[in-house]
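Asker: Before we start, here is the structure in question, set down as structure tokens.
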Amino acid sequence: FPKKFNLKKVERRYFMVFSTSCSPFQNWQAIAFFHFAHKVNQPGNVTRLVSGCTPEQAEALEKIQSEKISKLSNRFQLHVTPDFGVKDNMKYWNKPKGLLDWMENVLGFPNNADEYKDDIIIIVDPDMMLLRPITDNFDNYRPTTDNWLGELQHTRVSKGKPIAQAYAYGHAWLTSLNGNLSYVVGNESPALDVSLKEAELYYPAGPPYLATGKDMYDIAFHWVKFLPRIHELFPQFMAEMHGYSVSAAH
């Protein structure tokens, strides 16, 4: 995390989201997450995306949000998604599907894209307790690798330049498709031009994910679109994370 953080210097709007199921365990995780977001004074809105609830469960969560969580901050919000019916090794699909549902039904993408195109969308997981605020500025962070190539290295989130945590799956997001990337993305995708070296250096990403509003919507839209074919070719739980990589490269 940055060594110093001055909330007065925050110039962009932030929207942090984390995706959960409706289980008691993840309900407690969500409460803890909001507590730490409050404790570190995370800027912007923080929204829990919750999927798979019965109407009764959703009503109970909305009551807790109103009576307990919102007392910490009126910037802490709850978005109940439809039940996407995903399970087994597809259960993590709630993340991209919930993200897309929230961006379209709360922020109003794509029709309302201009209002949020330069704001920062941050995706984290519910077990990631904040120790300091997350913003678009990573000037004080040490790069994960010393082998980044030229202009592709950047420390601030901007149009066409998202930032995410590096994860240790290398170019597997590409090679796991066994040469069938065009089946997933079509024949004219920029992803087809990504080399194995670039695939390993720039795209094996995981939460926290950060991107501008327009970029994150483009990623979310294609993440949801591409996932079924990625999973068809690579029927493992990691297909969900690979889906982000494919969509970012696209």
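Order determines the names: the first chain of the structure tokens is A, the second B, and so forth; residues in each chain are numbered 1 upward, and ligands are numbered 1 upward as they are shown.
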Per residue of region 2-71 of chain A within 7 Å of region 94-110 of chain A, record the nearest atom pair and its distance in Å to one decimal, counting only C-alpha atoms, with rows in chain order and ascending residue number, as a tab-separated table.
Answerer:
residue	atom	partner	partner_atom	distance
A:Ser19	CA	A:Lys95	CA	5.4
A:Leu49	CA	A:Gly98	CA	6.2
A:Ser51	CA	A:Asn94	CA	6.6
Asker: For Ile120 (chain A), list every protein, DNA or RNA residue within 12 Å, evaluated using only C-alpha atoms, and leave out those in the same chain fewer than 6 positions away; present the list as a ChimeraX atom specification.
Answerer: /A:10-17,43-46,134-137,156-159,161-163,209-217
Asker: Kindly indicate which residue among A:Leu192, A:Ala113, A:Val50, A:Ala199 lies nearest to Pro82 (chain A), using only C-alpha atoms for the distances.
Answerer: A:Val50
Asker: Please identify all polymer residues within 8 Å of region 174-178 of chain A, counting only C-alpha atoms, omitting same-chain residues fewer than 4 positions from it, and present them as a PDB file with N, CA, C and O atoms, in the first residue's frame.
Answerer:
ATOM      1  N   LEU A 196       3.340 -15.261 -26.138  1.00  0.00           N
ATOM      2  CA  LEU A 196       3.406 -16.015 -24.895  1.00  0.00           C
ATOM      3  C   LEU A 196       4.104 -15.211 -23.798  1.00  0.00           C
ATOM      4  O   LEU A 196       3.698 -15.240 -22.636  1.00  0.00           O
ATOM      5  N   ALA A 199       1.690 -12.647 -22.669  1.00  0.00           N
ATOM      6  CA  ALA A 199       0.613 -13.319 -21.941  1.00  0.00           C
ATOM      7  C   ALA A 199       1.029 -13.613 -20.509  1.00  0.00           C
ATOM      8  O   ALA A 199       0.216 -13.508 -19.580  1.00  0.00           O
ATOM      9  N   ILE A 230     -14.819 -20.453 -22.789  1.00  0.00           N
ATOM     10  CA  ILE A 230     -13.577 -20.745 -22.071  1.00  0.00           C
ATOM     11  C   ILE A 230     -13.753 -21.992 -21.220  1.00  0.00           C
ATOM     12  O   ILE A 230     -12.903 -22.885 -21.206  1.00  0.00           O
ATOM     13  N   LEU A 233     -13.735 -25.237 -23.144  1.00  0.00           N
ATOM     14  CA  LEU A 233     -12.397 -25.678 -23.513  1.00  0.00           C
ATOM     15  C   LEU A 233     -11.540 -26.044 -22.305  1.00  0.00           C
ATOM     16  O   LEU A 233     -10.636 -26.869 -22.398  1.00  0.00           O
ATOM     17  N   PHE A 234     -11.841 -25.405 -21.168  1.00  0.00           N
ATOM     18  CA  PHE A 234     -11.046 -25.592 -19.940  1.00  0.00           C
ATOM     19  C   PHE A 234     -12.016 -25.654 -18.766  1.00  0.00           C
ATOM     20  O   PHE A 234     -12.239 -24.660 -18.069  1.00  0.00           O
ATOM     21  N   HIS A 242      -9.258 -16.869 -15.787  1.00  0.00           N
ATOM     22  CA  HIS A 242      -8.766 -16.809 -17.157  1.00  0.00           C
ATOM     23  C   HIS A 242      -9.664 -15.912 -18.006  1.00  0.00           C
ATOM     24  O   HIS A 242      -9.188 -15.228 -18.923  1.00  0.00           O
ATOM     25  N   VAL A 246      -8.487 -13.045 -20.675  1.00  0.00           N
ATOM     26  CA  VAL A 246      -8.880 -13.040 -22.082  1.00  0.00           C
ATOM     27  C   VAL A 246      -9.595 -11.739 -22.419  1.00  0.00           C
ATOM     28  O   VAL A 246      -9.331 -11.114 -23.462  1.00  0.00           O
TER      29      VAL A 246
END
Asker: Identify, on the basis of only C-alpha atoms, every residue whose closest approach to Val224 (chain A) does not exceed 9 Å; exclude the query and any residue fewer than 3 positions from it along the same chain; express the result as an NGL selection string.
Answerer: :A and (93 or 96-97 or 100 or 219-221 or 227-228 or 243)
Asker: Could you jot down the CA of Thr81 (chain A) to CA of Ala58 (chain A) separation for me, Å, one decimal place?
Answerer: 9.6 Å
Asker: I need the residue nearest Arg229 (chain A) from this list: A:Trp28, A:Tyr183, A:Lys197, A:Pro207. Use only C-alpha atoms for the distance.
Answerer: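 The shortest atom-to-atom distance to Arg229 (chain A) comes from A:Tyr183.
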Asker: Per DSSP on the backbone, filter region 26-210 of chain A down to the residues in strand (DSSP E) and report them as a PyMOL selection string.
Answerer: chain A and resi 45-50+76-80+120-124+163-166+205-210
Asker: Put those residues in a file: C-alpha atoms, as a PDB file, in the first residue's frame.
Answerer:
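The resulting again38.pdb:
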ATOM      1  CA  ASN A  45     -18.815   3.870  -2.695  1.00  0.00           C
ATOM      2  CA  VAL A  46     -18.303   0.314  -1.468  1.00  0.00           C
ATOM      3  CA  THR A  47     -20.903  -2.159  -2.705  1.00  0.00           C
ATOM      4  CA  ARG A  48     -21.525  -5.773  -1.841  1.00  0.00           C
ATOM      5  CA  LEU A  49     -22.781  -7.759  -4.831  1.00  0.00           C
ATOM      6  CA  VAL A  50     -24.723 -10.706  -3.438  1.00  0.00           C
ATOM      7  CA  PHE A  76     -21.768   1.417   1.825  1.00  0.00           C
ATOM      8  CA  GLN A  77     -24.326  -0.284  -0.363  1.00  0.00           C
ATOM      9  CA  LEU A  78     -25.868  -3.642  -1.208  1.00  0.00           C
ATOM     10  CA  HIS A  79     -26.837  -4.880  -4.668  1.00  0.00           C
ATOM     11  CA  VAL A  80     -28.823  -8.103  -4.860  1.00  0.00           C
ATOM     12  CA  ILE A 120     -12.375   4.099 -11.075  1.00  0.00           C
ATOM     13  CA  ILE A 121     -13.970   0.685 -10.578  1.00  0.00           C
ATOM     14  CA  ILE A 122     -12.207  -1.572  -8.071  1.00  0.00           C
ATOM     15  CA  ILE A 123     -13.007  -5.280  -7.723  1.00  0.00           C
ATOM     16  CA  VAL A 124     -11.856  -7.059  -4.579  1.00  0.00           C
ATOM     17  CA  ILE A 163      -3.988  -2.341 -12.908  1.00  0.00           C
ATOM     18  CA  ALA A 164      -4.405  -5.629 -11.040  1.00  0.00           C
ATOM     19  CA  GLN A 165      -2.518  -7.921  -8.718  1.00  0.00           C
ATOM     20  CA  ALA A 166      -0.262 -10.404 -10.491  1.00  0.00           C
ATOM     21  CA  ALA A 205      -4.223 -11.028 -12.986  1.00  0.00           C
ATOM     22  CA  GLY A 206      -6.529 -11.291 -10.022  1.00  0.00           C
ATOM     23  CA  PRO A 207      -8.166  -9.053  -7.412  1.00  0.00           C
ATOM     24  CA  PRO A 208      -7.751  -6.266  -6.712  1.00  0.00           C
ATOM     25  CA  TYR A 209      -8.678  -5.312 -10.281  1.00  0.00           C
ATOM     26  CA  LEU A 210      -8.817  -1.581 -11.107  1.00  0.00           C
TER      27      LEU A 210
END
Asker: Which residues are near Phe33 (chain A)? Cut-off 12 Å, only C-alpha atoms, ignore same chain within fewer than 3 positions. Put them as an MDAnalysis selection string.
Answerer: chainID A and resid 16:20 26:30 36:40 42 46:48 69 72 76 124:131
Asker: Expressed in Å to a single decimal, how great is the separation between CA of Glu232 (chain A) and CA of Gly52 (chain A)?
Answerer: 23.0 Å
Asker: Quick one: of A:Tyr141, A:Cys22, A:Tyr167, A:Ala60, who's nearest to Asp83 (chain A), counting only C-alpha atoms?
Answerer: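 Among A:Tyr141, A:Cys22, A:Tyr167, A:Ala60, it is A:Cys22 that comes nearest to Asp83 (chain A).
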Asker: Looking at only C-alpha atoms, which of A:Pro133, A:Tyr202, A:Ser247, A:Gln153 is the one that sits closest to Leu181 (chain A)?
Answerer: A:Ser247
Asker: I need the residues in region 70-247 of chain A that are helix (DSSP H, G or I) according to DSSP; give them as number ranges by chain.
Answerer: A: 70-72, 88-107, 113-116, 150-152, 172-175, 181-185, 190-193, 196-202, 213-233, 239-247
Asker: Would you save the residues from that selection as a compact mmCIF listing (two decimals), in the first residue's frame, using C-alpha atoms?
Answerer:
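In the end it all went to result_6.txt:
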# COMPACT_ATOMS: atom_id res chain seq x y z
CA SER A 70 -25.30 2.04 6.46
CA LYS A 71 -24.75 3.45 9.95
CA LEU A 72 -21.02 3.17 9.27
CA ASP A 88 -19.79 -26.39 -8.67
CA ASN A 89 -16.65 -25.14 -10.41
CA MET A 90 -18.67 -22.35 -12.03
CA LYS A 91 -19.76 -20.76 -8.74
CA TYR A 92 -17.23 -17.95 -9.09
CA TRP A 93 -19.01 -16.77 -12.22
CA ASN A 94 -21.14 -14.75 -9.81
CA LYS A 95 -18.29 -12.20 -9.80
CA PRO A 96 -18.32 -11.15 -13.48
CA LYS A 97 -22.06 -11.70 -13.82
CA GLY A 98 -22.79 -9.69 -10.68
CA LEU A 99 -20.38 -6.96 -11.76
CA LEU A 100 -22.07 -6.63 -15.14
CA ASP A 101 -25.54 -6.67 -13.59
CA TRP A 102 -24.54 -3.87 -11.17
CA MET A 103 -22.87 -1.76 -13.85
CA GLU A 104 -25.90 -2.02 -16.13
CA ASN A 105 -28.70 -1.72 -13.57
CA VAL A 106 -27.17 0.66 -11.02
CA LEU A 107 -24.66 2.76 -12.97
CA ALA A 113 -21.32 5.40 -19.85
CA ASP A 114 -20.19 9.01 -20.26
CA GLU A 115 -21.02 9.83 -16.65
CA TYR A 116 -18.74 7.12 -15.28
CA GLY A 150 8.73 -0.18 -21.83
CA GLU A 151 5.55 1.83 -22.17
CA LEU A 152 3.33 -0.97 -20.87
CA ALA A 172 -2.05 -20.61 -18.69
CA TRP A 173 -5.04 -18.37 -19.50
CA LEU A 174 -3.90 -18.60 -23.12
CA THR A 175 -2.33 -22.07 -23.40
CA LEU A 181 -8.54 -18.59 -28.70
CA SER A 182 -10.29 -17.46 -31.88
CA TYR A 183 -13.20 -19.78 -30.99
CA VAL A 184 -13.64 -17.68 -27.85
CA VAL A 185 -12.91 -14.13 -29.06
CA PRO A 190 -6.31 -7.99 -30.48
CA ALA A 191 -5.94 -10.89 -28.05
CA LEU A 192 -4.84 -13.03 -30.99
CA ASP A 193 -1.69 -10.90 -31.30
CA LEU A 196 3.41 -16.02 -24.90
CA LYS A 197 5.85 -13.66 -23.19
CA GLU A 198 3.28 -10.86 -23.09
CA ALA A 199 0.61 -13.32 -21.94
CA GLU A 200 2.77 -14.28 -18.98
CA LEU A 201 3.93 -10.77 -18.06
CA TYR A 202 0.81 -8.66 -18.37
CA GLY A 213 -15.51 2.84 -15.81
CA LYS A 214 -15.55 2.40 -19.58
CA ASP A 215 -12.70 -0.08 -19.57
CA MET A 216 -14.21 -2.10 -16.73
CA TYR A 217 -17.55 -2.28 -18.48
CA ASP A 218 -15.89 -3.52 -21.67
CA ILE A 219 -14.01 -6.14 -19.64
CA ALA A 220 -17.10 -7.20 -17.68
CA PHE A 221 -19.25 -7.48 -20.80
CA HIS A 222 -16.77 -9.72 -22.58
CA TRP A 223 -15.86 -11.61 -19.39
CA VAL A 224 -19.48 -12.78 -19.15
CA LYS A 225 -19.71 -13.36 -22.90
CA PHE A 226 -16.51 -15.39 -23.20
CA LEU A 227 -16.80 -17.52 -20.04
CA PRO A 228 -19.04 -20.30 -21.43
CA ARG A 229 -16.65 -21.07 -24.29
CA ILE A 230 -13.58 -20.74 -22.07
CA HIS A 231 -15.14 -23.23 -19.66
CA GLU A 232 -16.08 -25.51 -22.55
CA LEU A 233 -12.40 -25.68 -23.51
CA ALA A 239 -11.79 -20.54 -16.08
CA GLU A 240 -13.34 -17.56 -14.28
CA MET A 241 -9.96 -15.88 -13.68
CA HIS A 242 -8.77 -16.81 -17.16
CA GLY A 243 -11.89 -15.09 -18.43
CA TYR A 244 -10.71 -11.78 -17.02
CA SER A 245 -7.34 -12.19 -18.72
CA VAL A 246 -8.88 -13.04 -22.08
CA SER A 247 -11.27 -10.09 -21.81
Asker: Identify which of the residues A:Lys87, A:Phe34, A:Asp119, A:Pro55 lies closest to Asn74 (chain A), counting only C-alpha atoms when measuring atom-to-atom distances.
Answerer: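 Among A:Lys87, A:Phe34, A:Asp119, A:Pro55, it is A:Phe34 that comes nearest to Asn74 (chain A).
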